[in-house]
Amino acid sequence: MGPPLYTTEAGRERALLIGVLPPGRPAWMVQDSLDELAQLADTAGAEVLERVVFRQPAPHPATFIGRGQAERLVAQLQERGANVVMFDDDLTPVQGRNLEQALGLKVLDRTQLILDIFARHARSRDGCLQVELAQAEYLLPRLRRQATQFGQQKGGIGLSGPGERQIEIDRRQLQKRMVQIRRALAAVGRRRDELRHGRRRQGWSLFTLIGYTNAGKSTLFNQLTGASVLADDQLFATLDPTTRRLRLPNRQAALITDTVGFIRKLPHHLIDAFQATLEEVIQADVLVHVVDAAHPRADEQCAAVTQVLIELGVHEKPIVTVLNKCDLPGAAAQVRRLAERLPRAVAVSALTGAGLDDALHALADCLAAASRQLRLCVPLSAGAFLAALRQAARIHAERYEADQAWLEVSVPLAWVSRCAPYGLPEDAP
């Protein structure tokens, strides 16, 4: 099958982090991104020895940092005792191969590191399939001949080796496996659709937690639902989506889903591979954006989340902003500043439970604002529907004639299709 993706070994590997600072870009942006890369490395089990920032106008096409810089880096690696180099940007197949040859050790880019963490944290079948697909998409253009395994293809009669043929076999096998994974994920998607349609028929509204990785989504999810989803101080601690019932102050039937966190420089093929997970974002009635209000780069993290929402085409959905970690020292001023510019903002501490009642009321109010006002004529024989409607909707007026109930109601968006058989036109008396 060709060379596998690198994964960190059982022991802590010693890593050197590499960033590039182009002209005109503020130095703090590179350092902040390297801070995040260091967190990723720690989550993957590596020990960060040092960070190196190279100043250059553009990535070198052959080695990303240039051959001269690569040669100087060799001495630094030997001096520090590093056995892996992690780049804060994605490397092309040629750059990765040339750097490994020049440095004489393992070279990882940002995407490989994220994929390694995803592979560690995936638990469900669909989560594992999504990770495998993302790994295969990353690996496919990086299949290359191994001099120790295959002969080199040369021109001329009698000089052809098996190398090219083996590469083509590996490529076909990988492409075949990718087709199988996509079919399996399509089946998973159909099952998810069936579940969602069942919930819609029952009138359940759906909230979906979104936010930057490690913003506290899982901790908030556990507080709101009483669940026991893993909530760890690591990036991408949650990979598989989890859905639980949410009790709103107005007793409206609702569900809430915890999803994978977003991150800056998230490769597009990862978004494509995790479409089954991100469907929970697409199908949500209301998005709950959890923000780490104590983080010094909260604005940049919010911008990264917004960019992903734009790419998914859901940035115009109703959003409630939960400013989390408001109990941490120095967070008060930033909470006030963020609350002035973010939609429907409410401050909470998911760890202590402070502000959760305010958050629940904000969710209920947002759902009410996103509701639809309808006029219905429901036969009294549909008693089960009427009973469920009374729990889910706000009834403004009602009257009963013979065997029918005439109602003016505000229903959640999830109920619109369910009410369609009983709807009246606007000009009906």
# chains A, B, ... in the order shown; residues from 1 in each chain; ligands from 1

call {"tool": "residues_around", "arguments": {"residues": "stretch 17-31 of chain A", "least_positions_apart": "4", "cutoff": "7 Å", "atoms": "only C-alpha atoms", "output": "VMD selection string"}}
result
chain A and resid 35 50 to 58 85 to 88

call {"tool": "residues_around", "arguments": {"residues": "stretch 80-82 of chain A", "least_positions_apart": "6", "cutoff": "8 Å", "atoms": "only C-alpha atoms", "output": "ChimeraX atom specification"}}
result
/A:13-16,49

call {"tool": "atom_distance", "arguments": {"atom1": "atom CA of A:Gly423", "atom2": "atom CA of A:Glu408"}}
result
10.0 Å

call {"tool": "select_by_dssp", "arguments": {"residues": "stretch 267-348 of chain A", "states": "strand (DSSP E)", "output": "list in words"}}
result
Val286, Leu287, Val288, His289, Val290, Val291, Asp292, Ile319, Val320, Thr321, Val322, Leu323, Asn324, Ala345, Val346 and Ala347 of chain A

call {"tool": "atom_distance", "arguments": {"atom1": "atom CA of A:Gly226", "atom2": "atom CA of A:Ala304"}}
result
29.2 Å

call {"tool": "closest_residue", "arguments": {"among": "A:Phe221, A:Phe118, A:Phe207, A:Tyr212", "to": "A:His295", "atoms": "only C-alpha atoms"}}
result
A:Tyr212

call {"tool": "atom_distance", "arguments": {"atom1": "atom CA of A:Ile319", "atom2": "atom CA of A:Cys302"}}
result
12.6 Å
